[in-house]
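The structure appears below as structure tokens.
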Amino acid sequence: MQRAFFGVEGLDHKLEKGLAYGSQIMVEGDSGVGKTVLAGEFIKEGLRCGDTCIYVACDEPPAVMREHLLSFKVGTPAYEETGRLIFIDAYEENGSKEKHSLSDHRNLEKYFALESEVLHRLSGRRVRLVVDSLSTLFTMIDPADILDFHRTRIKQLRRNRILAMDIFVSGVLEPRLMTITGHLYNFILKMNFGGARHSSVRIMQIGKVKSQQFVSSRHIFTINPVYGILVSPDMGVIE
Amino acid sequence: MDKVPTGIKGFDELLLGGIVRGNAVLVEGVPGAGKTTFGIEFIYRGITEFGEPGVIVTCEQLPQSMYRDALNFGWDLRALEEAGKLRILCTSPEVLADPEVNLVEEVAREVGARRILVDSISHFRSVFDDPLSLRRLVYGFCNGLRRLGLTALLVKERENEGNREYAFEEYVVDAVIRLENKERPGLHRHRVLEISKTRGQEHIPGKHTFRITDEGIKVFALTGTKNFTGRAHENELLHTGVPGLDNLLRGGLPRGACVTVVGGSGTGKTLLGMQFLARGALDYGEKGIFLSLEEIPSHIMANARHFNWDLHTLQEQGMIKIIYMPLSEMEIDETIIGLGEQAGTFGASRLVIDSIYGLLSRIDNAAVLHEKLYSLVTHLNSLNCTTLLISPAWETAAGGKAEVIHSVVQGTILLKSNMLQNRRVRQLEIYKMRGVNHATGNHLLEIGDSGMQVFPRLGG
């Protein structure tokens, strides 16, 4: 069975068996901690493995991710032309020049229809999908509708064996909603700032791996302009 | 049973073939109801279509005026007279009543008549004052016609449209046909025909509308479920052509169903109808008819072009037919029958009537509306045609009528426009869909460049 990895060495090392296609990853983290960089690594890894990657840009225009990937020596035009890399613009509400764009951010139904349509066209392919960040899409939506959306969407992603990474910015949604939402995902990764007051560090922690043993230890990580995310192998030294 | 077809369009269906040969039929009605035209057409068709010579007896109209009036319908009575197939007898009631004078018999034998029109027997009242003698006279006259083997239409004038009083003539004759020219809601009148008696033969009861056309009388006989043979494809679904809507319907609309699309102004009802036809033709190769009672075809086509549907080309390709029937000229029975005929000959599997309000506004009686609508729905269902009946919002539809519609049709789709978070949002709800486990509640509806799209509510 095909297994997928994040493309982040220290993190993948913790997941010896990798992730099955059809898994849903929840990445929850502080603003600026490196969630989008992780998303870039995830896409880069996908492209390297032959997956078709979809990036839904909610917080910044798709062009920012294109530039980000280019800075890690991943040129996107060739992938986009061959349909291996698809950007969905969920940032510009009006006048987006992207092929796929979300015209109205107030209805999750419309997002769901757009995502379903794009995924439908890719049926039969190995797909990884990143939504950066899903919590932004939820800011105007009633909590009950958010849960309905999650249930329907995750069921569909699982059925279609889509490897999905949903990014959530800490503090946007109510803790109760985050807890309920977390139940629906196979894999939860938390990314936060921590450490002593005078020397803040980036920390990641695996919060949940469904049906698999895992060590929920905290790891310091850094973002290297050349190598991307580097995870420290040290464990248990951060308090 | 030997029946005489009248040849009047639609009328013989009501008598299941025609009048029993040798019967005397009373045709009664108020002035302007069309009695004389009815009678003349009976004689004219008899001669020209069934080879049965005839006699017209008139007590007040001169033959010249009768020739002239008949020519308006293309019936050349003078030519028929010259050919020895017709005699027009202009005489007084006294002569007709005189048992010593066998004028009718002579004339009938002369041309070998099989049919006779007497216009009118009301004049017999001028011969006798007392009811008993009058009754004897009419009875004797009718018997005389029977002896001659003539199938007779006897015209009788009614003085008012009020409560029906049974005159003795109705007991004497074998059949009674009543013609009316009634006022109805709005500025229009309509002609109604009813067979109230047929001795010794069956007929389709009830009131039926008719029209006097350039070619004569046309009766619109709604025979209801008589031809209903059941759905050819019981469980087959038909794609609506509206993205997302089929998901709510678990695949599509049942084939052969009548569905009302109800909504306020600007909710997208007509667009839904157009998309149903255009996408049906383009994506599924299914023919469709758009019956417009309000908008002219050029407007409909112009609106469709905004969504890149070239209805003009589709019409030329024989995939779509746009029929415009102005409300002012629309007769409900005629519309129902005509539409059924068109759908059958065109081979349409999709039909849109925009709007059903046009039909509604003509009928002020809920029971009649129910009957008419039932006829329409069963007729279209029998053709296996899936129909969208565009309807205004319930609040604006006249009281009680909307409920009648919704009880007759197989399904109802509601289109709404609501304010949500300070934005006006269109929504769609499937209110009723008989036999379909459809999604319930409101679902987001949007109108974009390529038409309408429904976004099924998440979470089921």
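Please note that chains go A, B, ... in the order of the structure tokens, that every chain numbers its residues from 1, and that ligands are numbered from 1 in the order shown.
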
>> For the structure I just gave you, how does DSSP split range 45-209 of chain A - specifically, which residues are helix (DSSP H, G or I)? Reply as number ranges by chain.
In response: A: 45-49, 62-71, 77-81, 108-121, 134-137, 143-159, 175-183

>> as a list of chain:residue names, could you give me every residue of chain A near chain B (at most 12 Å apart, counting only C-alpha atoms)?
In response: A:Ser103, A:Asp104, A:Arg106, A:Asn107, A:Leu108, A:Glu109, A:Lys110, A:Tyr111, A:Phe112, A:Ala113, A:Leu114, A:Ser116, A:Glu117, A:Met140, A:Ile141, A:Asp142, A:Ala144, A:Asp145, A:Ile146, A:Leu147, A:Asp148, A:Phe149, A:His150, A:Arg151, A:Thr152, A:Arg153, A:Ile154, A:Lys155, A:Gln156

>> Need to verify the contact set: Leu129 in chain A, 8 Å, only C-alpha atoms, exclusion of same-chain residues closer than 3 positions in sequence. Can you return it as a list in words?
In response: Cys53, Ile54, Tyr55, Val56, Ile162, Leu163, Ala164 and Met165 of chain A

Please, could you write that set of residues out with C-alpha atoms as a JSON list (two decimals), in the first residue's frame?
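Generated output (part30.json):
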[["chain", "number", "residue", "atom", "x", "y", "z"],
["A", 53, "CYS", "CA", -1.36, 18.53, -5.38],
["A", 54, "ILE", "CA", -4.08, 21.07, -4.69],
["A", 55, "TYR", "CA", -3.36, 24.15, -2.65],
["A", 56, "VAL", "CA", -6.28, 26.22, -1.41],
["A", 162, "ILE", "CA", -7.61, 12.08, -0.71],
["A", 163, "LEU", "CA", -4.65, 12.89, 1.50],
["A", 164, "ALA", "CA", -5.78, 16.16, 3.02],
["A", 165, "MET", "CA", -4.00, 18.67, 5.19]]

> Using only C-alpha atoms, which residues sit within 12 Å of Gln213 in chain A once same-chain residues fewer than 5 positions away are excluded, as a PyMOL selection string?
Replying inline: chain A and resi 14-18+187+206-208

Since we have the selection now, will you write its residues out, keeping all heavy atoms, as a PDB file, in the first residue's frame?
ATOM      1  N   LYS A  14       9.378  10.159  12.756  1.00  0.00           N
ATOM      2  CA  LYS A  14       8.467   9.749  13.831  1.00  0.00           C
ATOM      3  C   LYS A  14       7.313   8.893  13.295  1.00  0.00           C
ATOM      4  O   LYS A  14       6.665   8.185  14.038  1.00  0.00           O
ATOM      5  CB  LYS A  14       7.857  10.991  14.518  1.00  0.00           C
ATOM      6  CG  LYS A  14       8.866  11.876  15.181  1.00  0.00           C
ATOM      7  CD  LYS A  14       9.382  11.236  16.457  1.00  0.00           C
ATOM      8  CE  LYS A  14      10.797  11.757  16.775  1.00  0.00           C
ATOM      9  NZ  LYS A  14      11.533  10.853  17.645  1.00  0.00           N
ATOM     10  N   LEU A  15       7.086   9.020  12.015  1.00  0.00           N
ATOM     11  CA  LEU A  15       5.979   8.260  11.391  1.00  0.00           C
ATOM     12  C   LEU A  15       6.578   7.180  10.519  1.00  0.00           C
ATOM     13  O   LEU A  15       6.619   7.299   9.305  1.00  0.00           O
ATOM     14  CB  LEU A  15       5.145   9.176  10.493  1.00  0.00           C
ATOM     15  CG  LEU A  15       4.350  10.277  11.126  1.00  0.00           C
ATOM     16  CD1 LEU A  15       3.903  11.243  10.053  1.00  0.00           C
ATOM     17  CD2 LEU A  15       3.138   9.693  11.820  1.00  0.00           C
ATOM     18  N   GLU A  16       7.025   6.161  11.142  1.00  0.00           N
ATOM     19  CA  GLU A  16       7.744   5.144  10.377  1.00  0.00           C
ATOM     20  C   GLU A  16       6.889   4.537   9.267  1.00  0.00           C
ATOM     21  O   GLU A  16       7.370   4.232   8.192  1.00  0.00           O
ATOM     22  CB  GLU A  16       8.239   4.053  11.321  1.00  0.00           C
ATOM     23  CG  GLU A  16       9.440   4.506  12.112  1.00  0.00           C
ATOM     24  CD  GLU A  16       9.879   3.465  13.113  1.00  0.00           C
ATOM     25  OE1 GLU A  16       9.541   2.290  12.909  1.00  0.00           O
ATOM     26  OE2 GLU A  16      10.547   3.848  14.093  1.00  0.00           O
ATOM     27  N   LYS A  17       5.604   4.398   9.592  1.00  0.00           N
ATOM     28  CA  LYS A  17       4.718   3.777   8.595  1.00  0.00           C
ATOM     29  C   LYS A  17       4.126   4.792   7.632  1.00  0.00           C
ATOM     30  O   LYS A  17       3.381   4.442   6.728  1.00  0.00           O
ATOM     31  CB  LYS A  17       3.573   3.037   9.290  1.00  0.00           C
ATOM     32  CG  LYS A  17       4.051   1.833  10.087  1.00  0.00           C
ATOM     33  CD  LYS A  17       2.862   1.186  10.758  1.00  0.00           C
ATOM     34  CE  LYS A  17       3.319   0.052  11.672  1.00  0.00           C
ATOM     35  NZ  LYS A  17       2.204  -0.439  12.481  1.00  0.00           N
ATOM     36  N   GLY A  18       4.417   6.052   7.876  1.00  0.00           N
ATOM     37  CA  GLY A  18       3.874   7.099   7.016  1.00  0.00           C
ATOM     38  C   GLY A  18       2.372   7.234   7.175  1.00  0.00           C
ATOM     39  O   GLY A  18       1.779   6.757   8.149  1.00  0.00           O
ATOM     40  N   PHE A 187      -4.866  12.511  11.945  1.00  0.00           N
ATOM     41  CA  PHE A 187      -3.537  12.943  12.393  1.00  0.00           C
ATOM     42  C   PHE A 187      -3.615  14.410  12.805  1.00  0.00           C
ATOM     43  O   PHE A 187      -4.149  15.237  12.054  1.00  0.00           O
ATOM     44  CB  PHE A 187      -2.550  12.782  11.227  1.00  0.00           C
ATOM     45  CG  PHE A 187      -1.125  13.063  11.575  1.00  0.00           C
ATOM     46  CD1 PHE A 187      -0.237  12.034  11.862  1.00  0.00           C
ATOM     47  CD2 PHE A 187      -0.650  14.368  11.615  1.00  0.00           C
ATOM     48  CE1 PHE A 187       1.084  12.303  12.186  1.00  0.00           C
ATOM     49  CE2 PHE A 187       0.666  14.634  11.939  1.00  0.00           C
ATOM     50  CZ  PHE A 187       1.541  13.609  12.225  1.00  0.00           C
ATOM     51  N   ILE A 206       3.195  15.936  17.877  1.00  0.00           N
ATOM     52  CA  ILE A 206       2.144  15.117  17.268  1.00  0.00           C
ATOM     53  C   ILE A 206       1.054  14.939  18.313  1.00  0.00           C
ATOM     54  O   ILE A 206       1.303  14.474  19.415  1.00  0.00           O
ATOM     55  CB  ILE A 206       2.697  13.752  16.803  1.00  0.00           C
ATOM     56  CG1 ILE A 206       3.757  13.971  15.716  1.00  0.00           C
ATOM     57  CG2 ILE A 206       1.588  12.851  16.296  1.00  0.00           C
ATOM     58  CD1 ILE A 206       4.490  12.724  15.292  1.00  0.00           C
ATOM     59  N   GLY A 207      -0.152  15.349  17.978  1.00  0.00           N
ATOM     60  CA  GLY A 207      -1.250  15.307  18.939  1.00  0.00           C
ATOM     61  C   GLY A 207      -2.083  14.048  18.842  1.00  0.00           C
ATOM     62  O   GLY A 207      -2.733  13.649  19.794  1.00  0.00           O
ATOM     63  N   LYS A 208      -2.067  13.446  17.665  1.00  0.00           N
ATOM     64  CA  LYS A 208      -2.916  12.257  17.481  1.00  0.00           C
ATOM     65  C   LYS A 208      -2.489  11.547  16.199  1.00  0.00           C
ATOM     66  O   LYS A 208      -2.242  12.186  15.180  1.00  0.00           O
ATOM     67  CB  LYS A 208      -4.372  12.716  17.359  1.00  0.00           C
ATOM     68  CG  LYS A 208      -5.356  11.654  16.935  1.00  0.00           C
ATOM     69  CD  LYS A 208      -6.723  12.296  16.729  1.00  0.00           C
ATOM     70  CE  LYS A 208      -7.727  11.338  16.167  1.00  0.00           C
ATOM     71  NZ  LYS A 208      -9.009  11.982  15.923  1.00  0.00           N
TER      72      LYS A 208
END

> If we count only C-alpha atoms, what is near range 154-159 of chain B at a cut-off of 12 Å, once residues fewer than 4 positions away on the same chain are taken out, given as a PyMOL selection string?
Replying inline: chain B and resi 23-40+42+55-59+115-125+138+141-142+145+150+163-170+172-181

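Residues in contact with Lys3 in chain B at up to 7 Å, not including ones fewer than 3 positions away on its chain and judged by only C-alpha atoms, are B:Gly17, B:Gly18, B:Ile19, B:Val20, B:Arg21.
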
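Nearest-residue note for Asp166 in chain A: choosing from A:His219, A:Lys99, A:Lys190, A:Arg121, the minimum distance belongs to A:Lys190, counting only C-alpha atoms.
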